[in-house]
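See below for final-v3.cif, which holds mmCIF, C-alpha atoms.
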```cif
data_coords
#
loop_
_atom_site.label_atom_id
_atom_site.label_comp_id
_atom_site.auth_asym_id
_atom_site.auth_seq_id
_atom_site.Cartn_x
_atom_site.Cartn_y
_atom_site.Cartn_z
CA MET A 23 6.81 -24.09 -16.75
CA GLY A 24 6.88 -21.62 -19.63
CA ALA A 25 8.61 -18.28 -19.73
CA PHE A 26 7.22 -14.99 -18.47
CA ASP A 27 6.70 -11.97 -20.70
CA VAL A 28 6.15 -8.22 -20.42
CA ALA A 29 4.30 -5.94 -22.85
CA ILE A 30 2.77 -2.49 -23.24
CA GLU A 31 -0.91 -1.87 -23.90
CA TRP A 32 -2.99 1.29 -23.74
CA LEU A 33 -5.81 2.66 -21.62
CA GLY A 34 -6.88 5.64 -23.70
CA SER A 35 -3.68 7.67 -23.99
CA GLN A 36 -2.22 6.02 -20.88
CA PRO A 37 0.48 3.36 -21.34
CA VAL A 38 -0.06 0.28 -19.22
CA VAL A 39 2.62 -2.33 -18.54
CA VAL A 40 1.41 -5.94 -18.57
CA LEU A 41 3.29 -8.66 -16.69
CA ASN A 42 2.30 -12.16 -17.79
CA ASP A 43 2.82 -15.61 -16.32
CA ASP A 44 1.04 -17.72 -18.93
CA ALA A 45 1.99 -21.03 -17.35
CA ARG A 46 0.12 -20.22 -14.12
CA GLY A 47 -2.56 -18.05 -15.71
CA ARG A 48 -1.57 -14.82 -13.95
CA ARG A 49 -1.58 -11.30 -15.39
CA VAL A 50 -0.85 -7.93 -13.78
CA ARG A 51 -1.61 -4.56 -15.44
CA ILE A 52 0.18 -1.46 -14.11
CA ALA A 53 -0.42 2.10 -15.32
CA ARG A 54 2.45 4.51 -15.79
CA HIS A 55 0.29 7.18 -14.15
CA GLY A 56 0.98 6.75 -10.45
CA ALA A 57 2.73 3.41 -11.14
CA CYS A 58 -0.65 2.07 -10.08
CA VAL A 59 -1.80 -1.56 -10.37
CA LEU A 60 -5.07 -1.75 -12.28
CA ALA A 61 -5.67 -5.51 -12.36
CA PHE A 62 -4.26 -8.80 -11.05
CA GLU A 63 -5.89 -11.85 -12.63
CA ALA A 64 -5.11 -15.36 -11.45
CA ARG A 65 -6.36 -18.74 -12.60
CA PHE A 66 -7.67 -21.18 -10.00
CA GLY A 67 -8.44 -24.44 -11.79
CA ASP A 68 -10.91 -23.47 -14.51
CA ARG A 69 -11.75 -20.13 -12.86
CA LEU A 70 -10.14 -16.80 -13.73
CA VAL A 71 -10.37 -14.54 -10.68
CA GLN A 72 -9.74 -10.79 -10.51
CA LEU A 73 -7.93 -10.30 -7.22
CA ALA A 74 -7.38 -6.55 -7.56
CA ASP A 75 -10.15 -4.00 -7.13
CA GLY A 76 -8.34 -1.29 -9.07
CA HIS A 77 -9.40 1.70 -11.12
CA ARG A 78 -11.67 0.55 -13.93
CA ASP A 79 -10.96 3.08 -16.66
CA ALA A 80 -8.91 6.13 -17.61
CA ALA A 81 -11.35 8.51 -15.91
CA GLU A 82 -11.06 6.68 -12.58
CA LEU A 83 -7.29 6.50 -12.90
CA ALA A 84 -7.16 10.29 -13.33
CA ALA A 85 -9.60 11.01 -10.49
CA ARG A 86 -8.16 8.22 -8.23
CA PRO A 87 -11.26 7.70 -6.01
CA GLY A 88 -10.31 5.64 -2.98
CA SER A 89 -6.61 5.79 -3.96
CA ARG A 90 -6.91 2.23 -5.23
CA PHE A 91 -3.46 0.62 -5.39
CA ALA A 92 -1.78 4.00 -4.93
CA LEU A 93 1.87 4.28 -4.06
CA LEU A 94 2.19 6.44 -0.96
CA ALA A 95 5.31 8.64 -0.77
CA PRO A 96 6.97 10.48 0.87
CA PHE A 97 4.41 9.66 3.55
CA ALA A 98 1.53 7.24 3.94
CA ASN A 99 -1.97 7.92 5.23
CA ARG A 100 -2.51 11.20 7.12
CA ILE A 101 -0.56 14.12 8.55
CA ALA A 102 -2.45 15.87 11.36
CA ASP A 103 -3.69 19.29 10.28
CA ALA A 104 -1.27 19.05 7.30
CA ARG A 105 1.52 20.38 9.56
CA TYR A 106 4.67 18.88 10.98
CA ARG A 107 7.98 19.92 12.57
CA PHE A 108 11.28 18.55 11.29
CA ASP A 109 14.74 19.59 12.53
CA ASP A 110 13.17 22.50 14.44
CA VAL A 111 11.47 23.90 11.33
CA GLU A 112 7.69 24.12 11.04
CA HIS A 113 6.20 22.93 7.73
CA ASP A 114 2.69 23.55 6.37
CA LEU A 115 1.59 21.29 3.53
CA MET A 116 -1.59 23.31 2.88
CA PRO A 117 -0.73 26.99 3.31
CA GLY A 118 -3.78 29.22 3.22
CA ALA A 119 -6.22 26.35 3.73
CA SER A 120 -8.49 26.12 6.75
CA GLY A 121 -10.99 23.76 8.35
CA ALA A 122 -11.82 20.56 6.53
CA ALA A 123 -9.68 21.63 3.58
CA ARG A 124 -6.60 20.99 5.71
CA ALA A 125 -6.41 17.32 4.79
CA SER A 126 -3.10 15.96 3.58
CA ARG A 127 -3.11 12.29 2.71
CA HIS A 128 -1.08 9.68 0.91
CA GLY A 129 1.88 11.75 -0.29
CA PHE A 130 2.55 13.38 -3.64
CA VAL A 131 3.03 10.70 -6.31
CA ARG A 132 -0.52 9.51 -6.96
CA ASP A 133 -0.69 11.84 -9.96
CA ALA A 134 2.91 11.45 -11.11
CA ASP A 135 3.55 10.15 -14.61
CA PHE A 136 6.41 7.81 -13.80
CA ALA A 137 9.09 7.04 -16.35
CA ILE A 138 9.25 3.40 -17.44
CA ALA A 139 12.94 2.92 -16.69
CA ALA A 140 13.25 -0.78 -17.58
CA MET A 141 11.23 -3.85 -18.50
CA ARG A 142 12.52 -7.41 -18.38
CA ALA A 143 11.23 -10.96 -18.74
CA ASP A 144 12.90 -14.38 -18.70
CA GLU A 145 12.03 -17.91 -17.65
CA HIS A 146 11.92 -16.89 -13.98
CA ALA A 147 9.99 -13.59 -13.80
CA ALA A 148 8.64 -10.52 -15.54
CA SER A 149 9.36 -7.08 -14.10
CA VAL A 150 9.05 -3.36 -14.72
CA LEU A 151 10.92 -0.49 -13.08
CA PHE A 152 9.20 2.89 -12.73
CA ALA A 153 10.96 6.07 -11.60
CA THR A 154 10.08 9.63 -10.63
CA THR A 155 11.46 12.51 -8.59
CA ILE A 156 9.66 14.16 -5.69
CA VAL A 157 10.58 17.84 -5.98
CA PRO A 158 10.40 20.62 -3.38
CA GLN A 159 6.89 22.01 -2.96
CA ALA A 160 4.69 23.73 -0.41
CA GLY A 161 5.45 22.27 3.01
CA TYR A 162 7.98 19.75 1.71
CA LEU A 163 11.30 21.36 0.81
CA PHE A 164 13.17 18.15 0.00
CA THR A 165 14.18 16.28 -3.15
CA LEU A 166 13.86 12.50 -3.42
CA ASP A 167 14.25 9.98 -6.21
CA LEU A 168 11.65 7.22 -6.04
CA ALA A 169 12.10 3.94 -7.89
CA VAL A 170 9.39 1.26 -7.91
CA ARG A 171 9.91 -2.24 -9.25
CA TYR A 172 7.06 -4.71 -9.74
CA THR A 173 8.04 -8.36 -10.30
CA LEU A 174 5.68 -11.19 -11.20
CA ALA A 175 7.28 -14.56 -10.41
CA SER A 176 6.18 -18.05 -9.42
CA ASP A 177 5.50 -16.93 -5.82
CA GLY A 178 3.29 -13.99 -6.84
CA LEU A 179 3.74 -10.23 -7.16
CA THR A 180 6.52 -8.30 -5.41
CA LEU A 181 6.67 -4.53 -5.00
CA GLU A 182 10.06 -3.01 -4.16
CA THR A 183 10.39 0.73 -3.59
CA SER A 184 13.58 2.70 -3.13
CA LEU A 185 13.63 6.26 -1.80
CA ARG A 186 16.92 8.17 -2.24
CA ASN A 187 17.56 11.61 -0.79
CA VAL A 188 19.22 13.57 -3.61
CA GLY A 189 18.99 16.90 -1.80
CA SER A 190 21.40 18.66 0.53
CA ARG A 191 19.45 18.27 3.77
CA ALA A 192 17.97 15.41 5.76
CA ALA A 193 14.35 14.64 4.88
CA PRO A 194 11.39 12.93 6.55
CA ALA A 195 10.32 10.19 4.17
CA PHE A 196 8.68 6.77 4.06
CA VAL A 197 6.46 4.79 1.73
CA GLY A 198 3.32 2.69 1.72
CA TRP A 199 1.04 0.84 -0.67
CA HIS A 200 -2.77 1.13 -0.84
CA PRO A 201 -4.09 -2.02 -2.58
CA TYR A 202 -7.67 -3.32 -2.47
CA PHE A 203 -8.25 -7.06 -2.83
CA ARG A 204 -11.09 -9.45 -3.57
CA VAL A 205 -10.96 -13.20 -3.05
CA GLY A 206 -14.14 -14.15 -4.88
CA SER A 207 -17.76 -13.13 -5.29
CA ALA A 208 -18.90 -14.01 -1.76
CA PRO A 209 -19.68 -11.05 0.55
CA LEU A 210 -16.74 -9.42 2.31
CA ALA A 211 -18.35 -10.24 5.65
CA SER A 212 -17.75 -13.94 5.02
CA TRP A 213 -14.06 -13.60 4.18
CA GLU A 214 -11.59 -14.73 6.80
CA LEU A 215 -8.81 -12.36 7.85
CA ALA A 216 -5.64 -13.13 9.79
CA ILE A 217 -3.24 -10.39 10.95
CA PRO A 218 -0.23 -11.54 13.03
CA ALA A 219 0.02 -8.35 15.10
CA ALA A 220 0.61 -7.56 18.76
CA CYS A 221 -1.09 -4.15 18.89
CA VAL A 222 -3.68 -2.04 17.17
CA ILE A 223 -3.27 1.73 16.99
CA ARG A 224 -5.76 3.91 18.83
CA THR A 225 -6.75 7.07 16.97
CA ASP A 226 -8.88 10.17 17.36
CA THR A 227 -11.99 10.78 15.25
CA ASP A 228 -9.81 11.97 12.34
CA PHE A 229 -7.87 8.68 12.39
CA ILE A 230 -4.74 10.36 13.75
CA PRO A 231 -2.91 8.08 16.24
CA LEU A 232 -3.05 9.19 19.85
CA PRO A 233 0.16 10.70 21.25
CA GLY A 234 2.99 8.52 22.52
CA GLN A 235 2.32 5.15 24.09
CA ASP A 236 -1.41 5.87 24.34
CA ALA A 237 -1.58 4.93 20.66
CA TYR A 238 -0.58 1.32 21.23
CA ALA A 239 -3.36 -1.02 22.39
CA PRO A 240 -2.42 -4.67 22.95
CA LEU A 241 -4.92 -6.82 21.09
CA ALA A 242 -5.84 -8.57 24.32
CA GLN A 243 -7.44 -5.24 25.25
CA ALA A 244 -9.26 -4.93 21.91
CA PRO A 245 -10.73 -8.38 21.22
CA GLU A 246 -13.15 -7.08 18.58
CA LEU A 247 -10.11 -6.10 16.45
CA ASP A 248 -8.05 -9.20 17.19
CA PHE A 249 -7.35 -11.24 14.05
CA ARG A 250 -4.35 -13.18 15.33
CA GLN A 251 -6.42 -16.29 14.62
CA PRO A 252 -8.26 -16.34 11.27
CA ARG A 253 -11.91 -15.33 11.56
CA ALA A 254 -14.66 -13.85 9.45
CA ILE A 255 -14.72 -10.06 9.12
CA GLY A 256 -18.48 -9.96 9.63
CA ALA A 257 -20.08 -6.52 10.00
CA LEU A 258 -16.95 -5.01 11.55
CA GLU A 259 -15.86 -1.65 10.08
CA LEU A 260 -12.10 -1.59 9.86
CA ASN A 261 -9.91 1.45 9.37
CA HIS A 262 -7.16 0.39 11.73
CA THR A 263 -3.38 0.15 11.76
CA TYR A 264 -1.75 -2.95 13.23
CA THR A 265 1.78 -3.03 14.57
CA GLY A 266 4.12 -5.45 16.31
CA LEU A 267 3.82 -7.73 13.28
CA GLN A 268 5.25 -11.21 13.79
CA ALA A 269 7.47 -12.53 11.00
CA ASP A 270 7.59 -16.07 9.67
CA ALA A 271 10.85 -18.01 9.48
CA ASP A 272 11.75 -16.39 6.14
CA GLY A 273 11.54 -12.90 7.62
CA ARG A 274 8.23 -12.02 5.97
CA THR A 275 5.14 -11.03 7.91
CA ARG A 276 1.99 -12.37 6.23
CA THR A 277 -1.51 -10.97 6.55
CA ARG A 278 -3.94 -13.49 5.08
CA LEU A 279 -7.32 -13.04 3.42
CA ARG A 280 -9.39 -16.05 2.37
CA ASP A 281 -12.82 -16.92 1.04
CA PRO A 282 -13.65 -20.20 2.82
CA ALA A 283 -16.48 -20.96 0.40
CA GLY A 284 -14.37 -20.69 -2.75
CA GLY A 285 -11.06 -21.79 -1.26
CA ILE A 286 -9.22 -18.77 -2.68
CA GLY A 287 -6.77 -16.91 -0.49
CA ILE A 288 -3.90 -14.47 -0.63
CA ALA A 289 -1.11 -13.47 1.72
CA ILE A 290 0.02 -9.85 1.83
CA TRP A 291 3.63 -9.89 2.97
CA GLN A 292 6.09 -7.26 4.10
CA GLU A 293 9.52 -7.30 5.69
CA HIS A 294 8.91 -4.59 8.28
CA GLY A 295 6.56 -1.73 9.10
CA VAL A 296 2.86 -1.72 9.92
CA LEU A 297 -0.33 -2.92 8.23
CA LEU A 298 -3.53 -0.90 7.82
CA ALA A 299 -6.79 -2.77 7.17
CA PHE A 300 -9.76 -0.87 5.68
CA THR A 301 -13.12 -2.40 4.80
CA GLY A 302 -13.96 0.41 2.39
CA ASP A 303 -17.17 1.50 4.07
CA THR A 304 -16.81 5.09 2.79
CA LEU A 305 -15.88 4.29 -0.80
CA GLU A 306 -17.97 6.02 -3.44
CA ARG A 307 -17.94 2.94 -5.66
CA ASP A 308 -18.47 -0.62 -4.40
CA ALA A 309 -18.28 0.02 -0.66
CA ARG A 310 -17.41 -3.14 1.30
CA ARG A 311 -16.82 -5.07 -1.90
CA SER A 312 -13.06 -5.34 -1.35
CA LEU A 313 -10.59 -5.07 1.51
CA ALA A 314 -7.65 -2.67 1.57
CA LEU A 315 -4.60 -4.26 3.18
CA GLU A 316 -1.95 -1.56 3.22
CA PRO A 317 1.70 -2.31 4.05
CA MET A 318 3.40 0.87 5.29
CA GLU A 319 6.90 1.57 6.54
CA SER A 320 5.62 3.62 9.47
CA LEU A 321 2.51 4.89 11.24
CA PRO A 322 0.02 7.45 10.02
CA ASP A 323 1.16 10.93 11.13
CA ALA A 324 4.70 9.58 11.49
CA PHE A 325 6.13 13.02 10.63
CA ASN A 326 4.75 14.26 13.98
CA ARG A 327 5.71 11.28 16.15
CA PRO A 328 8.98 11.18 18.12
CA ASP A 329 8.74 7.38 18.25
CA CYS A 330 8.91 7.28 14.42
CA ALA A 331 11.54 10.00 13.92
CA GLU A 332 14.56 7.74 13.52
CA ALA A 333 12.79 5.30 11.18
CA ILE A 334 11.64 7.99 8.74
CA ARG A 335 14.78 10.18 8.69
CA LEU A 336 16.68 10.00 5.41
CA GLU A 337 20.07 11.70 5.29
CA PRO A 338 21.47 13.34 2.13
CA GLY A 339 22.71 10.68 -0.28
CA ALA A 340 21.07 7.87 1.69
CA ALA A 341 18.51 5.43 0.32
CA ARG A 342 16.01 3.10 1.92
CA THR A 343 14.18 0.13 0.42
CA PHE A 344 10.78 -1.28 1.32
CA ARG A 345 9.54 -4.60 -0.02
CA CYS A 346 6.09 -6.14 0.12
CA GLY A 347 3.93 -8.28 -2.10
CA VAL A 348 1.10 -10.71 -2.72
CA GLU A 349 1.29 -14.49 -2.60
CA ILE A 350 -1.55 -16.66 -3.88
CA GLU A 351 -2.79 -19.46 -1.65
CA THR A 352 -5.34 -22.20 -2.32
CA SER A 353 -6.87 -24.92 -0.20
#
```
Now that the file is in, can you turn its structure into structure tokens?
Amino acid sequence: MGAFDVAIEWLGSQPVVVLNDDARGRRVRIARHGACVLAFEARFGDRLVQLADGHRDAAELAARPGSRFALLAPFANRIADARYRFDDVEHDLMPGASGAARASRHGFVRDADFAIAAMRADEHAASVLFATTIVPQAGYLFTLDLAVRYTLASDGLTLETSLRNVGSRAAPAFVGWHPYFRVGSAPLASWELAIPAACVIRTDTDFIPLPGQDAYAPLAQAPELDFRQPRAIGALELNHTYTGLQADADGRTRTRLRDPAGGIGIAIWQEHGVLLAFTGDTLERDARRSLALEPMESLPDAFNRPDCAEAIRLEPGAARTFRCGVEIETS
């Protein structure tokens, strides 16, 4: 197989890093703004398939509708009423806001212009390292360094994030990833999904998990949401978090998405955490044309959950790494 390479191209005034695997016909484009994947092309025989449903142009990248391929830090998904309590101190992420305006989602780095800290390519892989700092702001009085490395290798695309607390106090912090995938031109309803989970999270109407153990529903009690065996998504509307993920022998949990008609499939892997599946029914552009499969270190509203407190606590000077990625599968 030939060597990998890495290059810079431009989307308007926005630098975009391109990771290439010419031997396998794979190409990943990642914007510096938000360290956000824009495209992931892969060759299947004589077909070139766009697996990523990312932002299409500079205007979408700036407006980030649907948070396509967003990095989520220092929290993923929602915080109830944009408030939380940490170490006996109350925090308000949206001071002065009321009603529907009190929506805090997906952290603070979607609009960050990351530094391109390093790029590398050799005969084994192509990679890029992005870096930014999360600074104290309304409702979040902590300082974190965030490093994000994307690596394209023979087994697919790997995302590795590292959060380091560079402040003087403990911080609540965790990460997630918000990718949207397509596995061909067939309707989403016909795609087969497999999620190796034990439980699905029950939520209220605002998609905030119910308190305590009431949040955890064994899949035997929710058969309509049970994808432990691969099956077609059909008309089901998914915006659900799955937990109790079962790892394979190599320590990776794999959520699989496949188009049985075209024979194209992918596996979204992670080493720990939870997985949120979203069929995109409320997207402004191309609703139900792609499926969001979101690896996250912890639950939505984790900042308010005693059962997540230990997992999200980051002491001064400490760092935590989260790895996930995409493998390409054919049949």
Exercise. For the file shown, what are the residues hit by the PyMOL selection byres ((chain A and resi 156-170) around 6), laid out as a VMD selection string?
Worked result: chain A and resid 113 to 115 151 to 155 171 182 to 189
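A straight line drawn from atom CA of A:Asn326 to atom CA of A:Ile101 is 7.6 Å long.
For the choices A:Pro317, A:Gly121, A:Pro240, A:Gly178, the atom-to-atom distance to A:Leu93 is smallest for A:Pro317 when using all atoms listed in the file.
Compared by their closest atoms to A:Glu31, and using only C-alpha atoms, the residues A:Ala104, A:Ala53, A:Ala220, A:Leu70 rank with A:Ala53 nearest.
Between A:Tyr238 and the residues A:Ala254, A:Ile286, A:Ala219, A:Ala45, the shortest atom-to-atom distance, using only C-alpha atoms, involves A:Ala219.
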Exercise. Which of these residues is nearest to A:Asp228, using only C-alpha atoms: A:Gln243, A:His262, A:Arg54, A:Thr173?
Worked result: A:His262
Exercise. Within 8 Å of A:Gly56, counting all atoms listed in the file, which residues qualify if same-chain residues fewer than 5 places away don't, as an NGL selection string?
Worked result: :A and (92-93 or 131-136)
For this session: Please provide as a PyMOL selection string all residues within 6 Å of A:Pro96, with the sequence filter that same-chain residues fewer than 6 positions apart are discarded (counting all atoms listed in the file).
Result: chain A and resi 129+195-197
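Within the file as shown, the PyMOL selection byres ((chain A and resi 279) around 9) identifies A:Phe203, A:Arg204, A:Val205, A:Trp213, A:Glu214, A:Leu215, A:Ala216, A:Ile217, A:Pro252, A:Thr277, A:Arg278, A:Arg280, A:Asp281, A:Ile286, A:Gly287, A:Ile288, A:Ala289, A:Ile290, A:Leu313.
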The PyMOL selection byres ((chain A and resi 328) around 12) resolved against shown file, as a CSV table (one decimal) with C-alpha atoms, in the frame of the given file:
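Saved the output as out-v6.csv:
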```
chain,number,residue,atom,x,y,z
A,106,TYR,CA,4.7,18.9,11.0
A,107,ARG,CA,8.0,19.9,12.6
A,108,PHE,CA,11.3,18.6,11.3
A,109,ASP,CA,14.7,19.6,12.5
A,194,PRO,CA,11.4,12.9,6.6
A,233,PRO,CA,0.2,10.7,21.2
A,234,GLY,CA,3.0,8.5,22.5
A,235,GLN,CA,2.3,5.2,24.1
A,320,SER,CA,5.6,3.6,9.5
A,321,LEU,CA,2.5,4.9,11.2
A,323,ASP,CA,1.2,10.9,11.1
A,324,ALA,CA,4.7,9.6,11.5
A,325,PHE,CA,6.1,13.0,10.6
A,326,ASN,CA,4.8,14.3,14.0
A,327,ARG,CA,5.7,11.3,16.2
A,329,ASP,CA,8.7,7.4,18.2
A,330,CYS,CA,8.9,7.3,14.4
A,331,ALA,CA,11.5,10.0,13.9
A,332,GLU,CA,14.6,7.7,13.5
A,333,ALA,CA,12.8,5.3,11.2
A,334,ILE,CA,11.6,8.0,8.7
A,335,ARG,CA,14.8,10.2,8.7
```
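When only C-alpha atoms are used to measure the gap to A:Arg46, the shortest distance among A:Ala208, A:Ile350, A:Ala139, A:Ala192 belongs to A:Ile350.
Shortest separation to A:Leu174 among A:Val40, A:Ala309, A:Leu73, A:Ala125 occurs at residue A:Val40, atoms counted being all atoms listed in the file.
Going from atom CA of A:Met116 over to atom CA of A:Leu232, you cover 22.1 Å.
Our summary of the geometry notes that atom CA of A:Thr265 is positioned 17.8 Å from atom CA of A:Thr301.
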Centre and edge lengths of an axis-aligned box around all listed atoms of stretch 273-279 of chain A, with 4 Å added on each side, are to be given in Å to one decimal, as JSON.
```
{"center_x": 2.1, "center_y": -12.2, "center_z": 5.7, "size_x": 26.9, "size_y": 10.5, "size_z": 12.5}
```
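Neighbouring residues of A:Val38 at 12 Å or closer, counting only C-alpha atoms and skipping chain neighbours under 4 positions away, are A:Val28, A:Ala29, A:Ile30, A:Glu31, A:Trp32, A:Leu33, A:Gly34, A:Val50, A:Arg51, A:Ile52, A:Ala53, A:Arg54, A:His55, A:Gly56, A:Ala57, A:Cys58, A:Val59, A:Leu60, A:Ala61, A:Asp79, A:Ala80, A:Leu83, A:Asp135, A:Phe136, A:Ala137, A:Ile138, A:Val150, A:Phe152.
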